[in-house]
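Novice: Contents of data_23.cif (mmCIF, C-alpha atoms):
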```cif
data_my_file
loop_
_atom_site.label_atom_id
_atom_site.label_comp_id
_atom_site.auth_asym_id
_atom_site.auth_seq_id
_atom_site.Cartn_x
_atom_site.Cartn_y
_atom_site.Cartn_z
CA MET W 1 -67.52 105.45 132.99
CA ALA W 2 -70.72 105.88 130.98
CA THR W 3 -70.30 107.06 127.43
CA THR W 4 -72.25 109.94 125.93
CA PRO W 5 -75.06 108.64 123.72
CA LYS W 6 -74.83 109.41 120.04
CA THR W 7 -76.96 112.29 118.84
CA THR W 8 -78.70 112.66 115.52
CA ASP W 9 -75.86 115.02 114.54
CA ASP W 10 -73.33 112.18 114.64
CA ARG W 11 -72.26 111.12 111.16
CA HIS W 12 -72.72 107.47 112.06
CA LEU W 13 -76.40 106.54 111.88
CA SER W 14 -77.96 106.00 115.29
CA THR W 15 -80.16 102.99 116.11
CA ARG W 16 -83.21 105.24 115.89
CA SER W 17 -82.37 106.31 112.33
CA ARG W 18 -81.27 102.86 111.16
CA ARG W 19 -84.82 101.93 110.30
CA ASN W 20 -87.38 103.65 108.14
CA PRO W 21 -91.12 103.58 108.98
CA GLY W 22 -91.45 100.18 107.35
CA GLY W 23 -88.84 98.61 109.64
CA ILE W 24 -86.32 98.07 106.82
CA ASP W 25 -82.69 98.44 107.83
CA VAL W 26 -81.41 101.71 106.37
CA VAL W 27 -77.77 100.63 106.67
CA GLN W 28 -78.46 97.64 104.41
CA PHE W 29 -79.24 100.04 101.56
CA LEU W 30 -77.42 103.27 102.39
CA GLY W 31 -74.46 102.25 104.53
CA SER W 32 -73.70 103.53 108.02
CA GLU W 33 -72.39 106.97 107.08
CA GLY W 34 -74.87 109.81 106.62
CA VAL W 35 -74.67 113.60 106.58
CA PRO W 36 -75.75 115.05 109.96
CA ILE W 37 -79.08 116.80 109.57
CA ARG W 38 -77.76 120.02 111.12
CA GLU W 39 -74.56 120.10 109.10
CA ARG W 40 -74.21 123.22 106.97
CA LYS W 41 -75.20 122.57 103.39
CA PRO W 42 -72.86 123.39 100.48
CA PRO W 43 -73.06 127.00 99.25
CA TRP W 44 -74.96 126.14 96.08
CA PHE W 45 -78.09 125.45 98.17
CA LYS W 46 -78.34 129.02 99.44
CA VAL W 47 -81.60 130.62 98.25
CA PRO W 48 -83.31 133.87 99.30
CA ALA W 49 -85.98 133.54 101.96
CA PRO W 50 -89.51 133.91 100.54
CA GLY W 51 -91.44 137.05 101.38
CA SER W 52 -91.87 139.20 98.28
CA PRO W 53 -95.22 140.98 97.69
CA ARG W 54 -96.01 138.54 94.86
CA TYR W 55 -95.27 135.56 97.14
CA LEU W 56 -97.49 136.94 99.89
CA GLU W 57 -100.27 137.69 97.41
CA LEU W 58 -100.21 134.19 95.97
CA ARG W 59 -100.07 132.58 99.42
CA GLN W 60 -103.17 134.52 100.46
CA GLN W 61 -104.98 133.61 97.24
CA ILE W 62 -104.28 129.91 97.77
CA LYS W 63 -105.41 130.20 101.39
CA ASP W 64 -108.62 132.01 100.43
CA GLU W 65 -109.50 129.28 97.93
CA ASP W 66 -108.77 126.59 100.56
CA LEU W 67 -106.32 124.90 98.21
CA HIS W 68 -103.21 122.83 98.88
CA THR W 69 -99.87 123.11 97.10
CA VAL W 70 -97.05 120.61 97.08
CA CYS W 71 -94.75 123.64 97.39
CA GLN W 72 -95.91 124.06 100.99
CA GLU W 73 -96.64 120.46 101.96
CA ALA W 74 -93.27 119.14 100.74
CA ALA W 75 -91.31 122.15 102.06
CA CYS W 76 -89.82 122.82 98.62
CA PRO W 77 -86.72 125.06 98.68
CA ASN W 78 -87.86 126.76 95.46
CA ILE W 79 -91.14 128.08 96.84
CA GLY W 80 -89.94 131.69 96.89
CA ASP W 81 -88.63 131.57 93.32
CA CYS W 82 -91.68 129.83 91.85
CA TRP W 83 -94.25 131.93 93.67
CA GLU W 84 -92.43 135.11 92.71
CA ARG W 85 -92.78 133.94 89.09
CA GLY W 86 -96.50 133.50 89.67
CA THR W 87 -96.44 129.69 89.44
CA ALA W 88 -97.41 126.98 91.88
CA THR W 89 -98.03 123.24 91.84
CA PHE W 90 -101.58 122.55 92.99
CA MET W 91 -102.19 119.44 95.09
CA ILE W 92 -105.66 117.94 94.90
CA HIS W 93 -107.27 115.33 97.16
CA GLY W 94 -106.22 117.08 100.36
CA ASP W 95 -102.97 117.02 102.29
CA THR W 96 -102.94 113.50 103.77
CA CYS W 97 -101.36 110.59 101.89
CA THR W 98 -102.15 106.91 102.33
CA ARG W 99 -98.51 105.93 101.83
CA ARG W 100 -95.36 106.65 103.79
CA CYS W 101 -92.34 107.11 101.55
CA GLY W 102 -89.04 107.45 103.38
CA PHE W 103 -88.18 110.83 101.85
CA CYS W 104 -91.54 112.63 101.71
CA ASN W 105 -92.65 115.41 104.05
CA VAL W 106 -96.36 115.21 103.16
CA ARG W 107 -98.59 114.11 106.04
CA THR W 108 -99.39 110.38 106.21
CA GLY W 109 -102.58 108.92 107.61
CA LYS W 110 -106.23 108.20 106.84
CA PRO W 111 -107.49 110.92 104.47
CA THR W 112 -110.81 112.62 105.17
CA TRP W 113 -110.74 115.17 102.33
CA ASN W 114 -113.73 114.89 99.99
CA ASP W 115 -114.60 118.06 98.11
CA PRO W 116 -116.42 117.70 94.77
CA LEU W 117 -115.97 121.44 94.15
CA GLU W 118 -112.18 121.28 94.41
CA PRO W 119 -111.65 120.90 90.62
CA ALA W 120 -113.57 124.12 89.95
CA ARG W 121 -111.65 126.04 92.61
CA VAL W 122 -108.27 124.86 91.30
CA ALA W 123 -109.24 125.85 87.77
CA ARG W 124 -110.47 129.26 88.96
CA SER W 125 -107.13 129.96 90.61
CA ILE W 126 -105.22 128.91 87.49
CA ALA W 127 -107.37 131.23 85.39
CA LYS W 128 -106.89 134.14 87.82
CA MET W 129 -103.12 133.65 87.76
CA GLY W 130 -103.07 133.74 83.95
CA LEU W 131 -100.86 130.69 83.70
CA ARG W 132 -99.80 129.22 80.38
CA HIS W 133 -98.63 125.99 82.04
CA ALA W 134 -100.23 124.56 85.20
CA VAL W 135 -98.90 121.62 87.22
CA ILE W 136 -101.37 119.53 89.22
CA THR W 137 -100.40 116.73 91.57
CA SER W 138 -102.03 114.80 94.40
CA VAL W 139 -101.42 112.62 97.40
CA ASP W 140 -101.95 108.87 97.03
CA ARG W 141 -105.58 107.97 97.68
CA ASP W 142 -105.46 104.20 97.96
CA ASP W 143 -108.57 104.49 100.15
CA LEU W 144 -110.81 105.40 97.21
CA PRO W 145 -112.32 102.81 94.82
CA ASP W 146 -110.95 104.63 91.77
CA TYR W 147 -107.76 105.75 93.58
CA GLY W 148 -108.86 109.34 93.00
CA ALA W 149 -109.08 109.24 89.19
CA GLY W 150 -112.54 110.85 89.13
CA ILE W 151 -111.37 114.07 90.77
CA TRP W 152 -108.29 114.05 88.55
CA ALA W 153 -110.47 113.88 85.42
CA ALA W 154 -112.85 116.56 86.71
CA THR W 155 -109.92 118.91 87.48
CA ILE W 156 -108.51 118.61 83.96
CA ARG W 157 -111.97 119.27 82.49
CA GLN W 158 -112.44 122.36 84.66
CA VAL W 159 -109.05 123.79 83.71
CA ARG W 160 -109.84 123.25 80.03
CA LYS W 161 -113.12 125.09 80.56
CA GLN W 162 -111.89 128.02 82.68
CA ALA W 163 -108.37 128.45 81.28
CA PRO W 164 -108.49 126.97 77.77
CA ARG W 165 -105.13 128.44 76.68
CA CYS W 166 -103.26 126.86 79.58
CA LYS W 167 -101.20 123.70 79.11
CA ILE W 168 -101.86 121.07 81.76
CA GLU W 169 -99.19 118.91 83.36
CA VAL W 170 -100.38 116.15 85.68
CA LEU W 171 -98.04 114.60 88.24
CA THR W 172 -99.97 111.53 89.32
CA PRO W 173 -99.61 108.62 91.73
CA ASP W 174 -99.34 105.13 90.29
CA PHE W 175 -103.06 104.30 90.89
CA ARG W 176 -101.72 100.98 92.24
CA GLY W 177 -100.98 99.98 88.66
CA ALA W 178 -104.67 99.83 87.66
CA ASP W 179 -105.27 100.60 83.99
CA MET W 180 -108.77 102.07 84.15
CA PRO W 181 -107.99 105.00 86.52
CA LEU W 182 -104.93 105.84 84.41
CA ALA W 183 -106.95 105.65 81.18
CA ARG W 184 -109.59 107.93 82.69
CA VAL W 185 -106.98 110.61 83.37
CA ILE W 186 -105.27 110.32 79.98
CA ASN W 187 -108.65 110.42 78.22
CA GLU W 188 -109.12 114.02 79.44
CA GLY W 189 -106.14 115.08 77.33
CA PRO W 190 -103.42 116.49 79.60
CA ASP W 191 -100.43 117.89 77.71
CA VAL W 192 -97.79 116.34 79.98
CA PHE W 193 -98.10 113.15 82.03
CA ASN W 194 -95.60 112.97 84.88
CA HIS W 195 -95.06 110.13 87.30
CA ASN W 196 -91.89 110.35 89.35
CA VAL W 197 -89.89 107.19 89.92
CA GLU W 198 -88.05 109.27 92.60
CA VAL W 199 -85.05 106.96 93.15
CA VAL W 200 -82.91 104.42 91.30
CA PRO W 201 -84.40 100.88 91.22
CA ARG W 202 -82.07 99.57 93.93
CA LEU W 203 -83.57 101.95 96.51
CA TYR W 204 -87.25 101.25 95.94
CA PRO W 205 -87.66 98.88 98.93
CA ILE W 206 -86.51 101.57 101.35
CA ALA W 207 -87.69 104.80 99.70
CA ARG W 208 -90.86 103.84 97.79
CA ARG W 209 -92.78 101.60 100.16
CA GLY W 210 -96.11 100.62 98.61
CA SER W 211 -94.75 100.71 95.07
CA THR W 212 -92.28 98.94 92.80
CA TRP W 213 -89.96 100.05 90.04
CA GLU W 214 -91.72 97.76 87.57
CA ARG W 215 -95.12 99.28 88.37
CA SER W 216 -93.88 102.85 88.06
CA THR W 217 -92.24 102.30 84.68
CA ARG W 218 -95.29 100.38 83.43
CA VAL W 219 -97.50 103.36 84.36
CA LEU W 220 -95.25 105.66 82.31
CA ARG W 221 -95.14 103.31 79.34
CA THR W 222 -98.93 102.76 79.43
CA ALA W 223 -99.62 106.49 79.65
CA LYS W 224 -97.58 107.06 76.51
CA PHE W 225 -99.43 104.22 74.77
CA TYR W 226 -102.80 105.77 75.65
CA GLY W 227 -101.76 109.37 74.92
CA GLY W 228 -99.71 108.86 71.78
CA ASP W 229 -97.99 111.80 70.11
CA ARG W 230 -100.26 114.38 71.73
CA LEU W 231 -98.87 113.54 75.18
CA SER W 232 -95.36 114.17 76.56
CA THR W 233 -94.25 111.79 79.31
CA LYS W 234 -92.03 112.89 82.17
CA SER W 235 -90.39 111.50 85.31
CA GLY W 236 -88.05 112.67 88.05
CA LEU W 237 -85.25 111.37 90.25
CA MET W 238 -83.68 112.44 93.54
CA VAL W 239 -80.03 111.75 94.31
CA GLY W 240 -78.04 111.80 97.51
CA PHE W 241 -78.61 108.26 98.78
CA GLY W 242 -75.21 106.98 97.70
CA GLU W 243 -75.85 106.54 93.98
CA THR W 244 -73.09 107.06 91.44
CA VAL W 245 -73.38 109.08 88.25
CA ASP W 246 -73.16 105.85 86.25
CA GLU W 247 -76.00 104.28 88.28
CA VAL W 248 -78.22 107.29 87.63
CA VAL W 249 -77.40 107.22 83.91
CA GLU W 250 -78.27 103.51 83.79
CA THR W 251 -81.59 104.41 85.41
CA LEU W 252 -82.17 107.07 82.75
CA LYS W 253 -81.59 104.41 80.08
CA LEU W 254 -84.38 102.31 81.61
CA LEU W 255 -86.70 105.31 81.64
CA ARG W 256 -85.91 106.05 78.02
CA GLU W 257 -86.80 102.46 77.19
CA ALA W 258 -90.15 103.15 78.91
CA GLU W 259 -90.65 105.99 76.39
CA VAL W 260 -90.16 108.78 78.93
CA GLN W 261 -89.36 112.04 77.10
CA ILE W 262 -88.58 114.56 79.88
CA ILE W 263 -86.40 113.97 82.94
CA THR W 264 -85.64 115.99 86.09
CA VAL W 265 -82.81 115.14 88.50
CA GLY W 266 -82.31 116.98 91.79
CA GLN W 267 -80.70 116.67 95.21
CA TYR W 268 -82.62 115.06 98.07
CA LEU W 269 -82.79 117.26 101.16
CA ARG W 270 -83.77 115.53 104.39
CA PRO W 271 -86.94 117.16 105.82
CA THR W 272 -86.68 115.88 109.41
CA GLU W 273 -84.81 113.35 111.55
CA ARG W 274 -87.61 110.86 110.89
CA HIS W 275 -86.78 110.75 107.17
CA LEU W 276 -84.05 108.94 105.28
CA PRO W 277 -80.60 110.48 105.73
CA VAL W 278 -78.60 112.24 103.05
CA ILE W 279 -75.51 110.16 102.31
CA ARG W 280 -73.81 112.91 100.33
CA TYR W 281 -74.47 116.14 98.45
CA TRP W 282 -73.78 115.97 94.74
CA HIS W 283 -71.57 118.64 93.20
CA PRO W 284 -73.09 120.78 90.40
CA ASP W 285 -70.54 119.31 87.98
CA GLU W 286 -72.03 115.85 88.55
CA PHE W 287 -75.51 117.13 87.77
CA LYS W 288 -74.14 118.71 84.61
CA GLU W 289 -72.63 115.39 83.55
CA VAL W 290 -75.97 113.64 84.10
CA GLU W 291 -77.71 116.30 82.00
CA GLU W 292 -75.27 115.89 79.10
CA ARG W 293 -75.35 112.11 79.18
CA GLY W 294 -79.13 112.14 79.52
CA MET W 295 -79.57 114.30 76.44
CA ALA W 296 -77.29 111.90 74.55
CA LEU W 297 -79.79 109.13 75.34
CA GLY W 298 -82.45 110.90 73.31
CA PHE W 299 -84.61 112.70 75.87
CA ASP W 300 -86.44 115.80 74.68
CA HIS W 301 -85.39 117.70 77.80
CA VAL W 302 -83.21 116.97 80.86
CA ALA W 303 -83.22 119.34 83.84
CA SER W 304 -80.47 118.36 86.27
CA GLY W 305 -79.21 120.44 89.19
CA PRO W 306 -79.04 120.59 93.00
CA LEU W 307 -82.31 122.52 93.38
CA VAL W 308 -84.17 121.00 90.43
CA ARG W 309 -87.54 119.56 91.34
CA SER W 310 -90.10 117.87 89.12
CA SER W 311 -92.28 120.94 88.63
CA TYR W 312 -89.57 123.62 88.98
CA HIS W 313 -89.78 125.83 85.85
CA ALA W 314 -91.98 123.12 84.33
CA ASP W 315 -93.22 125.57 81.71
CA LEU W 316 -89.73 125.51 80.20
CA HIS W 317 -89.67 121.71 79.83
CA VAL W 318 -92.03 121.64 76.86
CA GLN W 319 -92.62 123.90 73.87
CA GLN W 320 -95.17 126.61 74.63
CA ASP W 321 -97.62 127.83 72.00
CA GLU W 322 -98.99 130.74 74.03
CA PRO W 323 -97.11 133.67 75.57
CA GLY W 324 -99.34 133.66 78.64
CA VAL W 325 -100.89 136.62 80.41
CA GLY W 326 -99.47 136.19 83.91
CA PRO W 327 -96.06 136.90 85.51
CA VAL W 328 -94.68 133.60 84.24
CA ALA W 329 -94.78 134.96 80.68
CA ALA W 330 -92.32 137.75 81.42
CA ALA W 331 -90.09 135.47 83.49
CA SER W 332 -89.86 132.90 80.71
CA ALA W 333 -89.37 135.30 77.80
#
```
Before anything else, please render the file you have as structure tokens.

Specialist:
Amino acid sequence: MATTPKTTDDRHLSTRSRRNPGGIDVVQFLGSEGVPIRERKPPWFKVPAPGSPRYLELRQQIKDEDLHTVCQEAACPNIGDCWERGTATFMIHGDTCTRRCGFCNVRTGKPTWNDPLEPARVARSIAKMGLRHAVITSVDRDDLPDYGAGIWAATIRQVRKQAPRCKIEVLTPDFRGADMPLARVINEGPDVFNHNVEVVPRLYPIARRGSTWERSTRVLRTAKFYGGDRLSTKSGLMVGFGETVDEVVETLKLLREAEVQIITVGQYLRPTERHLPVIRYWHPDEFKEVEERGMALGFDHVASGPLVRSSYHADLHVQQDEPGVGPVAAASA
């Protein structure tokens, strides 16, 4: 008698989900047991559905300016909270990435976005929102000769011009490890330089195709060298791929050695069946332990929790000199 084929809801990984887009065997790195994508998540992931007047207003403003946000493209669970606060993470260089990481929900393909006026429009939106701390990120643009550094530099300059009281946090790609694009960005004087390592070193071959742990940490170390005391360096990790608390803490030690000052640690949530599976959901107590042990390593700030993302409440990760004039000021008081 024929057996019923396994579905994607089976805990055991099916043949289809055994391999990531690069053809690497998932089981080799994550084991054969994964959380079914339709399994109910633990209660600590329950968040209100977005839809407040402030959320709708900000969504329309971003649409009118023809801007992209990582909040939307990456299907962030905190979009309602952040947009209600009047904050958003702007994504420059369009919505199509040249790389295909196993966890990321941003579109992959050949980018066609080329808008020299994008820096001015991003800065105008930041000024209108009255932000005291703006986060700017981008897709990877390995197709461009400078890997996109020119638009990065122009965006920082425009924000300085149109919203001079606003602190600027940049969350950049690795620029394929090239020094000149990185130096060009740091030369514009961002307040925070963020490059997410995303996963522990062991998982780079499966989760960070197109990059290496050594390259990512060298980018962070070089950024600090170029920026000196005026620049805070930051990185972020996702958990849920079978790591232990001790493995994550060992990873934090390596990041501290790379002179990273601010760390975020959050739970990976699988966007679709085509992405890497969740092996387990961490309990809030484990995140708390990581936070305490991370602070003991000498970081300036450690944000660790199930729903923590790299830019979630980013204005609270560094000391603010200005009270701000937008909704974020009241929320952070």

Novice: Check the smallest atom-to-atom distance from each of W:Thr172, W:Gln61, W:Gln158, W:Thr264 to Ala123 in chain W using all atoms listed in the file, then report the winner.

Specialist: W:Gln158

Novice: Taking only C-alpha atoms into account, which of W:Gly34, W:Pro164, W:Pro205, W:Pro53 comes nearest Pro190 in chain W?

Specialist: W:Pro164

Novice: Report, in Å with one decimal, the straight-line distance from CA of Gly189 in chain W to CA of Ala258 in chain W.

Specialist: 20.0 Å

Novice: In Å, rounded to a single decimal, give me how far CA of Gln319 in chain W is from CA of Val249 in chain W.

Specialist: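 Between these atoms lies a distance of 24.7 Å.
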
Novice: Could you tell me which of W:Ser125, W:Ser310, W:Thr217, W:Thr244 comes closest to Val290 in chain W if we count all atoms listed in the file?

Specialist: W:Thr244

Novice: W:Trp44, W:Tyr147, W:Phe193, W:Tyr204: which is nearest Ala314 in chain W, counting only C-alpha atoms?

Specialist: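 Under the stated criterion, the closest residue is W:Phe193.
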
Novice: So which residues get picked by the PyMOL selection byres ((chain W and resi 222) around 12) here, written as an mmCIF file with C-alpha atoms, keeping the file's coordinate frame?

Specialist:
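The file below, selection-v3.cif, is the result:
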```
data_model
loop_
_atom_site.group_PDB
_atom_site.id
_atom_site.type_symbol
_atom_site.label_atom_id
_atom_site.label_comp_id
_atom_site.auth_asym_id
_atom_site.auth_seq_id
_atom_site.Cartn_x
_atom_site.Cartn_y
_atom_site.Cartn_z
ATOM 1 C CA ASP W 174 -99.340 105.130 90.290
ATOM 2 C CA GLY W 177 -100.980 99.980 88.660
ATOM 3 C CA ALA W 178 -104.670 99.830 87.660
ATOM 4 C CA ASP W 179 -105.270 100.600 83.990
ATOM 5 C CA MET W 180 -108.770 102.070 84.150
ATOM 6 C CA PRO W 181 -107.990 105.000 86.520
ATOM 7 C CA LEU W 182 -104.930 105.840 84.410
ATOM 8 C CA ALA W 183 -106.950 105.650 81.180
ATOM 9 C CA VAL W 185 -106.980 110.610 83.370
ATOM 10 C CA ILE W 186 -105.270 110.320 79.980
ATOM 11 C CA PHE W 193 -98.100 113.150 82.030
ATOM 12 C CA HIS W 195 -95.060 110.130 87.300
ATOM 13 C CA GLU W 214 -91.720 97.760 87.570
ATOM 14 C CA ARG W 215 -95.120 99.280 88.370
ATOM 15 C CA SER W 216 -93.880 102.850 88.060
ATOM 16 C CA THR W 217 -92.240 102.300 84.680
ATOM 17 C CA ARG W 218 -95.290 100.380 83.430
ATOM 18 C CA VAL W 219 -97.500 103.360 84.360
ATOM 19 C CA LEU W 220 -95.250 105.660 82.310
ATOM 20 C CA ARG W 221 -95.140 103.310 79.340
ATOM 21 C CA ALA W 223 -99.620 106.490 79.650
ATOM 22 C CA LYS W 224 -97.580 107.060 76.510
ATOM 23 C CA PHE W 225 -99.430 104.220 74.770
ATOM 24 C CA TYR W 226 -102.800 105.770 75.650
ATOM 25 C CA GLY W 227 -101.760 109.370 74.920
ATOM 26 C CA GLY W 228 -99.710 108.860 71.780
ATOM 27 C CA LEU W 231 -98.870 113.540 75.180
ATOM 28 C CA THR W 233 -94.250 111.790 79.310
ATOM 29 C CA ALA W 258 -90.150 103.150 78.910
ATOM 30 C CA GLU W 259 -90.650 105.990 76.390
ATOM 31 C CA VAL W 260 -90.160 108.780 78.930
#
```

Novice: Go through W:Ile151, W:Leu255, W:Ala163, W:Cys104 and flag the residue nearest Tyr268 in chain W, using only C-alpha atoms for the distances.

Specialist: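 Under the stated criterion, the closest residue is W:Cys104.
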
Novice: Evaluate the PyMOL selection byres ((chain W and resi 267) around 7) on the structure here and hand back the selected residues as a PyMOL selection string.

Specialist: chain W and resi 238-240+266+268-269+282+306-307

Novice: Counting only C-alpha atoms, figure out which residue out of W:Lys253, W:Arg59, W:His275, W:His93 gets nearest to Val200 in chain W.

Specialist: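 For Val200 in chain W, the nearest of the candidates is W:Lys253.
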
Novice: Expand the PyMOL selection byres ((chain W and resi 100) around 10) into the explicit residue set it covers here, and present it as a ChimeraX atom specification.

Specialist: /W:20-22,97-99,101-109,140,207-210

Novice: Name the residues in contact with Trp113 in chain W at a cut-off of 9 Å, using only C-alpha atoms, excluding same-chain residues fewer than 2 positions from it; report them as number ranges by chain.

Specialist: W: 93-96, 111, 115

Novice: List as JSON, numbers by chain the protein and nucleic acid residues near Lys161 in chain W, meaning an atom at most 10 Å away when all atoms listed in the file are counted, but skip any in the same chain fewer than 4 places from it.

Specialist: {"W": [120, 123, 124, 127, 155, 156, 157, 165]}

Novice: Which distance in Å separates CA of Ile168 in chain W and CA of Asp191 in chain W, to one decimal?

Specialist: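 About the pair CA of Ile168 in chain W and CA of Asp191 in chain W: they are 5.3 Å apart.
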
Novice: Which residues come within 9 Å of Ile263 in chain W, counting all atoms listed in the file, excluding same-chain residues fewer than 2 positions away, as JSON, numbers by chain?

Specialist: {"W": [233, 234, 235, 236, 237, 252, 255, 260, 261, 265, 294, 299, 300, 301, 302, 303, 304, 310, 317]}
